[in-house]
Structures are given as C-alpha cells and as structure tokens.
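Below: final-v7.cif (mmCIF, C-alpha atoms)
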data_entry
loop_
_atom_site.label_atom_id
_atom_site.label_comp_id
_atom_site.auth_asym_id
_atom_site.auth_seq_id
_atom_site.Cartn_x
_atom_site.Cartn_y
_atom_site.Cartn_z
CA MET A 1 14.22 -11.43 -44.03
CA ILE A 2 11.03 -10.10 -42.45
CA ILE A 3 8.92 -11.29 -45.40
CA ASP A 4 10.28 -14.81 -44.81
CA TRP A 5 9.00 -14.72 -41.24
CA ILE A 6 5.63 -13.35 -42.35
CA PHE A 7 5.24 -16.06 -45.00
CA THR A 8 6.27 -18.78 -42.56
CA GLY A 9 3.76 -17.45 -40.03
CA ILE A 10 0.96 -17.52 -42.61
CA VAL A 11 1.79 -21.12 -43.55
CA LEU A 12 1.91 -22.19 -39.90
CA LEU A 13 -1.41 -20.47 -39.17
CA ALA A 14 -3.00 -22.25 -42.15
CA LEU A 15 -1.66 -25.59 -40.94
CA LEU A 16 -2.84 -24.95 -37.40
CA GLY A 17 -6.28 -23.85 -38.62
CA ALA A 18 -6.61 -26.95 -40.82
CA ILE A 19 -5.62 -29.27 -37.97
CA LEU A 20 -7.96 -27.59 -35.45
CA THR A 21 -10.94 -27.66 -37.83
CA GLY A 22 -10.25 -31.21 -39.02
CA LYS A 23 -9.57 -30.17 -42.61
CA GLY A 24 -5.98 -31.34 -42.88
CA GLY A 25 -6.84 -33.66 -45.77
CA GLU A 26 -8.44 -30.82 -47.73
CA LEU A 27 -5.38 -28.65 -47.13
CA ALA A 28 -3.07 -31.46 -48.27
CA ALA A 29 -5.12 -31.81 -51.48
CA ALA A 30 -5.20 -28.04 -52.08
CA VAL A 31 -1.41 -27.55 -51.82
CA PRO A 32 -0.44 -29.42 -55.02
CA LYS A 33 -3.41 -27.93 -56.90
CA GLY A 34 -2.31 -24.43 -55.89
CA ALA A 35 1.28 -25.13 -56.87
CA GLN A 36 0.16 -26.47 -60.25
CA ALA A 37 -2.04 -23.41 -60.84
CA GLY A 38 0.90 -21.14 -59.94
CA VAL A 39 3.22 -22.86 -62.42
CA THR A 40 0.55 -22.76 -65.14
CA LEU A 41 -0.02 -19.05 -64.57
CA ALA A 42 3.73 -18.32 -64.56
CA LEU A 43 4.23 -20.15 -67.85
CA SER A 44 1.30 -18.40 -69.52
CA LEU A 45 2.59 -15.02 -68.35
CA ALA A 46 6.10 -15.81 -69.58
CA GLY A 47 4.92 -15.89 -73.19
CA SER A 48 3.24 -12.52 -72.90
CA ILE A 49 6.20 -10.99 -71.10
CA CYS A 50 8.56 -12.25 -73.84
CA LEU A 51 6.26 -10.87 -76.54
CA TRP A 52 5.92 -7.40 -75.03
CA THR A 53 9.59 -7.21 -74.07
CA GLY A 54 10.38 -8.00 -77.71
CA VAL A 55 7.97 -5.28 -78.81
CA GLY A 56 9.82 -2.90 -76.49
CA LYS A 57 13.16 -3.86 -78.08
CA VAL A 58 11.73 -3.31 -81.58
CA MET A 59 10.39 0.09 -80.46
CA GLU A 60 13.88 0.93 -79.21
CA LYS A 61 15.56 -0.19 -82.48
CA VAL A 62 13.20 1.81 -84.73
CA GLY A 63 13.64 4.93 -82.61
CA PHE A 64 10.18 5.07 -81.07
CA THR A 65 11.60 4.99 -77.56
CA SER A 66 13.84 7.98 -78.29
CA PHE A 67 10.82 9.76 -79.79
CA LEU A 68 8.90 9.11 -76.57
CA SER A 69 11.94 10.28 -74.64
CA ARG A 70 11.86 13.60 -76.46
CA LEU A 71 8.13 13.88 -75.79
CA LEU A 72 8.68 13.14 -72.11
CA ARG A 73 11.60 15.56 -71.72
CA PRO A 74 9.51 18.57 -70.52
CA PHE A 75 7.59 16.33 -68.12
CA LEU A 76 10.78 14.75 -66.78
CA ARG A 77 12.50 18.10 -66.27
CA LYS A 78 9.65 19.30 -64.08
CA ILE A 79 9.52 16.16 -61.93
CA PHE A 80 13.26 15.34 -62.01
CA PRO A 81 15.26 18.59 -62.37
CA SER A 82 18.52 16.58 -62.38
CA THR A 83 17.70 15.39 -65.90
CA LYS A 84 18.60 18.85 -67.23
CA SER A 85 22.26 18.23 -66.49
CA ASP A 86 22.33 14.41 -66.71
CA PRO A 87 21.33 12.93 -70.08
CA VAL A 88 22.10 9.38 -68.88
CA LEU A 89 19.60 9.76 -66.04
CA SER A 90 17.10 11.16 -68.53
CA GLY A 91 17.55 8.12 -70.76
CA HIS A 92 17.07 5.68 -67.88
CA LEU A 93 13.96 7.49 -66.68
CA SER A 94 12.48 7.67 -70.18
CA ALA A 95 13.05 3.96 -70.80
CA ASN A 96 11.54 3.16 -67.42
CA ILE A 97 8.43 5.25 -68.05
CA CYS A 98 8.00 3.89 -71.59
CA ALA A 99 8.15 0.29 -70.31
CA ASN A 100 5.61 1.17 -67.63
CA PHE A 101 3.36 2.68 -70.32
CA LEU A 102 3.30 -0.76 -71.93
CA GLY A 103 2.53 -2.43 -68.62
CA LEU A 104 5.92 -4.14 -68.57
CA GLY A 105 6.93 -3.68 -64.97
CA ASN A 106 9.54 -6.41 -65.32
CA ALA A 107 11.18 -4.61 -68.24
CA ALA A 108 10.90 -1.25 -66.47
CA THR A 109 12.61 -2.46 -63.31
CA PRO A 110 16.24 -2.56 -64.57
CA MET A 111 16.02 1.01 -65.92
CA GLY A 112 14.30 2.17 -62.74
CA ILE A 113 17.08 0.63 -60.66
CA LEU A 114 19.75 2.34 -62.78
CA ALA A 115 17.94 5.68 -62.43
CA ALA A 116 17.53 5.17 -58.67
CA GLN A 117 21.24 4.34 -58.29
CA ARG A 118 22.16 7.45 -60.25
CA LEU A 119 19.88 9.61 -58.10
CA ALA A 120 21.08 7.98 -54.86
CA GLY A 121 24.71 8.49 -55.88
CA ARG A 122 24.21 12.26 -55.77
CA ARG A 123 23.71 12.17 -51.99
CA LYS A 124 26.46 11.18 -49.60
CA ASP A 125 24.38 11.22 -46.41
CA GLY A 126 22.40 8.05 -47.20
CA ILE A 127 19.06 9.87 -47.16
CA ALA A 128 16.78 9.53 -50.17
CA SER A 129 16.43 12.73 -52.16
CA HIS A 130 13.04 14.13 -53.09
CA GLU A 131 13.67 13.12 -56.70
CA LEU A 132 14.37 9.53 -55.64
CA CYS A 133 11.14 9.48 -53.63
CA ARG A 134 9.23 10.77 -56.68
CA LEU A 135 10.80 8.02 -58.80
CA VAL A 136 9.62 5.37 -56.33
CA VAL A 137 6.12 6.87 -56.33
CA LEU A 138 6.01 7.07 -60.13
CA ASN A 139 7.11 3.44 -60.46
CA THR A 140 4.69 2.21 -57.83
CA ALA A 141 1.72 4.01 -59.39
CA SER A 142 2.85 3.84 -62.99
CA ILE A 143 0.67 5.15 -65.79
CA GLN A 144 -0.22 2.28 -68.10
CA LEU A 145 -1.51 2.65 -71.62
CA ILE A 146 -1.42 -1.09 -72.37
CA PRO A 147 -1.67 -3.32 -69.29
CA ALA A 148 0.04 -6.24 -71.01
CA THR A 149 0.75 -8.35 -67.93
CA VAL A 150 -2.77 -7.95 -66.53
CA ALA A 151 -4.26 -8.78 -69.95
CA ALA A 152 -2.10 -11.91 -70.15
CA ALA A 153 -3.25 -12.98 -66.69
CA ARG A 154 -6.87 -12.45 -67.71
CA VAL A 155 -6.40 -14.54 -70.87
CA SER A 156 -4.76 -17.35 -68.90
CA LEU A 157 -7.76 -17.38 -66.57
CA GLY A 158 -10.19 -17.73 -69.49
CA CYS A 159 -11.20 -14.14 -70.30
CA ASN A 160 -12.21 -13.59 -73.95
CA THR A 161 -11.90 -9.80 -73.81
CA PRO A 162 -8.73 -9.08 -71.82
CA PHE A 163 -8.46 -5.43 -72.88
CA ASP A 164 -11.99 -4.36 -71.93
CA ILE A 165 -10.46 -2.97 -68.74
CA LEU A 166 -8.52 -0.25 -70.60
CA PRO A 167 -10.69 2.76 -69.61
CA ALA A 168 -10.60 1.74 -65.96
CA VAL A 169 -6.84 1.16 -66.10
CA TRP A 170 -6.23 4.55 -67.72
CA VAL A 171 -8.37 6.45 -65.19
CA THR A 172 -7.01 4.67 -62.12
CA SER A 173 -3.37 4.81 -63.20
CA LEU A 174 -3.60 8.53 -64.04
CA CYS A 175 -5.33 9.24 -60.72
CA SER A 176 -2.92 7.14 -58.65
CA ALA A 177 0.20 8.56 -60.33
CA GLY A 178 -1.17 12.11 -60.13
CA MET A 179 -2.12 11.83 -56.47
CA GLY A 180 1.15 10.09 -55.61
CA LEU A 181 3.27 12.75 -57.29
CA THR A 182 1.19 15.53 -55.73
CA ALA A 183 1.68 13.99 -52.28
CA ALA A 184 5.42 13.55 -52.94
CA PHE A 185 5.78 17.21 -53.96
CA LEU A 186 3.76 18.45 -50.99
CA LEU A 187 5.62 16.27 -48.51
CA GLY A 188 8.88 17.34 -50.14
CA LYS A 189 8.01 20.95 -49.39
CA VAL A 190 7.09 20.13 -45.78
CA TRP A 191 10.37 18.32 -45.10
CA LYS A 192 12.57 20.61 -47.14
CA LYS A 193 15.93 21.24 -45.52
#

Can the structure from this file be put into structure tokens for me?
Amino acid sequence: MIIDWIFTGIVLLALLGAILTGKGGELAAAVPKGAQAGVTLALSLAGSICLWTGVGKVMEKVGFTSFLSRLLRPFLRKIFPSTKSDPVLSGHLSANICANFLGLGNAATPMGILAAQRLAGRRKDGIASHELCRLVVLNTASIQLIPATVAAARVSLGCNTPFDILPAVWVTSLCSAGMGLTAAFLLGKVWKK
C-alpha cells in the first residue's frame, strides 16, 4: 500500500516538473518509449529465465541439487541449527541457495518462502527468529556463481561479453553475504532473550 503512494507521488512530481518547465510534450513522448523499452526488456529476460529455470530442473532430476545439498549441509547446520532436526527445512534452504547460486532469484523465491514459513511456524509470538532473519539476509545478499538474470539484461542491452562481470559479482556477493550474516549473528547476540 505504501509503495503505491510512493509511486503515485513520483509520477505526480514528474508531471508537475514537466508542466512547470514546459516539457510536457517531451514527457508525453517519453512515456510510450519507456513502456516499450520495459516490455522489450521483460520479454528478453523471460527467455533467459526459462532457460536457467529449465537448467535448474535438469540439475534437480540428475541429482546435482541433492549433491549440492549434501555439500551445503555443514554450512546450513551452522547458520540454521533447526536443519539438524528438520530435513524438509534443509531441503527448502538447499534448493533456495542453489537457485541463488545460479542467479535465479525468481526460482529461489518459492523455496525461500517455504523455508521462511517453516521457520516462522516455530514461533507463536509473531516475532521473527534469528534464523528467519539470517534467511532474509542470505536471500537479500545471495552468493551468485552465475548471474544469469544480470547477464541476460546485459545481452538485451547490447553487451557482447555479458559474463565479464563474474569476478566482480563473486567478490561483491561473497562480501555482502559474509558481512550480512556477520551482522545478523552479532545483532542476534545483542538482542538475545
């Protein structure tokens, strides 16, 4: 609801600014061009998202996702101790992290939501647990090995080498996830009940 008001305010400010500066005609010409560019970008990203989601399904069918899940198990048990006693939660978290590794935030979201619901269901007081907060941090600053969506956006905008950003993506995603989890653990200790 609040985002609707913010968006409406931005549009009204743009209209007001265009009228006051005498550039209403330019704004009227830019609106359909922007809408067309948005649709073009969405369609070009849809192909890439379908491709990489299909790759994720193939990885799941051949057992690669379960292999990654076993590799992630020690990591998950340290960050999410509940996974020791809840294999379903462990599966949701592993699938979520694997999809994020591939840069498929849209494919990671359903598994992240299932994991968040499972973690939230453990508390009856309506307050987010420390594990749930760590899940939100890990999803927000996900570690990406293959930034598929960003690469697709770069290709749609005319880039000939969409994956030349890999080293920067690896460094920044590792740093952001590491710092986010560190902050979540430290703040969890400060507000421990």

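Taken over the shown file, the PyMOL selection byres ((chain A and resi 152-155) around 10) identifies Leu41, Ala42, Ser44, Leu45, Ala46, Gly47, Ser48, Ile49, Pro147, Ala148, Thr149, Val150, Ala151, Ser156, Leu157, Gly158, Cys159, Asn160, Thr161, Pro162 and Phe163 of chain A.
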
Counting only C-alpha atoms, the residue among A:Thr21, A:Ser94, A:Thr8, A:Ser173 that lies closest to Ser66 of chain A is A:Ser94

Could you state the separation of atom CA of Ala177 of chain A and atom CA of Lys57 of chain A in Å, given to one decimal place?
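The value is 25.2 Å.
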
Could you tell me which residues the PyMOL selection byres ((chain A and resi 128-141) around 8) returns for this structure, as a PDB file with C-alpha atoms, in the frame of the given file?
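So the final result, stored in result.pdb, reads:
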ATOM      1  CA  ILE A  79       9.520  16.160 -61.930  1.00  0.00           C
ATOM      2  CA  PHE A  80      13.260  15.340 -62.010  1.00  0.00           C
ATOM      3  CA  ILE A  97       8.430   5.250 -68.050  1.00  0.00           C
ATOM      4  CA  ASN A 100       5.610   1.170 -67.630  1.00  0.00           C
ATOM      5  CA  GLY A 112      14.300   2.170 -62.740  1.00  0.00           C
ATOM      6  CA  ALA A 116      17.530   5.170 -58.670  1.00  0.00           C
ATOM      7  CA  LEU A 119      19.880   9.610 -58.100  1.00  0.00           C
ATOM      8  CA  ALA A 120      21.080   7.980 -54.860  1.00  0.00           C
ATOM      9  CA  ARG A 123      23.710  12.170 -51.990  1.00  0.00           C
ATOM     10  CA  GLY A 126      22.400   8.050 -47.200  1.00  0.00           C
ATOM     11  CA  ILE A 127      19.060   9.870 -47.160  1.00  0.00           C
ATOM     12  CA  SER A 142       2.850   3.840 -62.990  1.00  0.00           C
ATOM     13  CA  ILE A 143       0.670   5.150 -65.790  1.00  0.00           C
ATOM     14  CA  SER A 173      -3.370   4.810 -63.200  1.00  0.00           C
ATOM     15  CA  SER A 176      -2.920   7.140 -58.650  1.00  0.00           C
ATOM     16  CA  ALA A 177       0.200   8.560 -60.330  1.00  0.00           C
ATOM     17  CA  GLY A 180       1.150  10.090 -55.610  1.00  0.00           C
ATOM     18  CA  LEU A 181       3.270  12.750 -57.290  1.00  0.00           C
ATOM     19  CA  ALA A 184       5.420  13.550 -52.940  1.00  0.00           C
ATOM     20  CA  PHE A 185       5.780  17.210 -53.960  1.00  0.00           C
ATOM     21  CA  GLY A 188       8.880  17.340 -50.140  1.00  0.00           C
TER      22      GLY A 188
END

Assuming 8 Å of padding per side, give the centre and edge lengths of the axis-aligned box around every listed atom of segment 80-90 of chain A, in Å to one decimal and as JSON.
{"center_x": 17.8, "center_y": 14.1, "center_z": -66.0, "size_x": 25.1, "size_y": 25.5, "size_z": 24.1}

As an exercise, work out the distance from atom CA of Leu114 of chain A to atom CA of Leu89 of chain A in Å and give it to one decimal place.
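A separation of 8.1 Å between them.
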
Which residues, named as in the file, does the PyMOL selection byres ((chain A and resi 111) around 8) pick out? Answer as an mmCIF file with C-alpha atoms, in the frame of the given file.
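Printed below is out34.cif as written:
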data_model
loop_
_atom_site.group_PDB
_atom_site.id
_atom_site.type_symbol
_atom_site.label_atom_id
_atom_site.label_comp_id
_atom_site.auth_asym_id
_atom_site.auth_seq_id
_atom_site.Cartn_x
_atom_site.Cartn_y
_atom_site.Cartn_z
ATOM 1 C CA HIS A 92 17.070 5.680 -67.880
ATOM 2 C CA LEU A 93 13.960 7.490 -66.680
ATOM 3 C CA ALA A 95 13.050 3.960 -70.800
ATOM 4 C CA ASN A 96 11.540 3.160 -67.420
ATOM 5 C CA ALA A 107 11.180 -4.610 -68.240
ATOM 6 C CA ALA A 108 10.900 -1.250 -66.470
ATOM 7 C CA THR A 109 12.610 -2.460 -63.310
ATOM 8 C CA PRO A 110 16.240 -2.560 -64.570
ATOM 9 C CA GLY A 112 14.300 2.170 -62.740
ATOM 10 C CA ILE A 113 17.080 0.630 -60.660
ATOM 11 C CA LEU A 114 19.750 2.340 -62.780
ATOM 12 C CA ALA A 115 17.940 5.680 -62.430
#
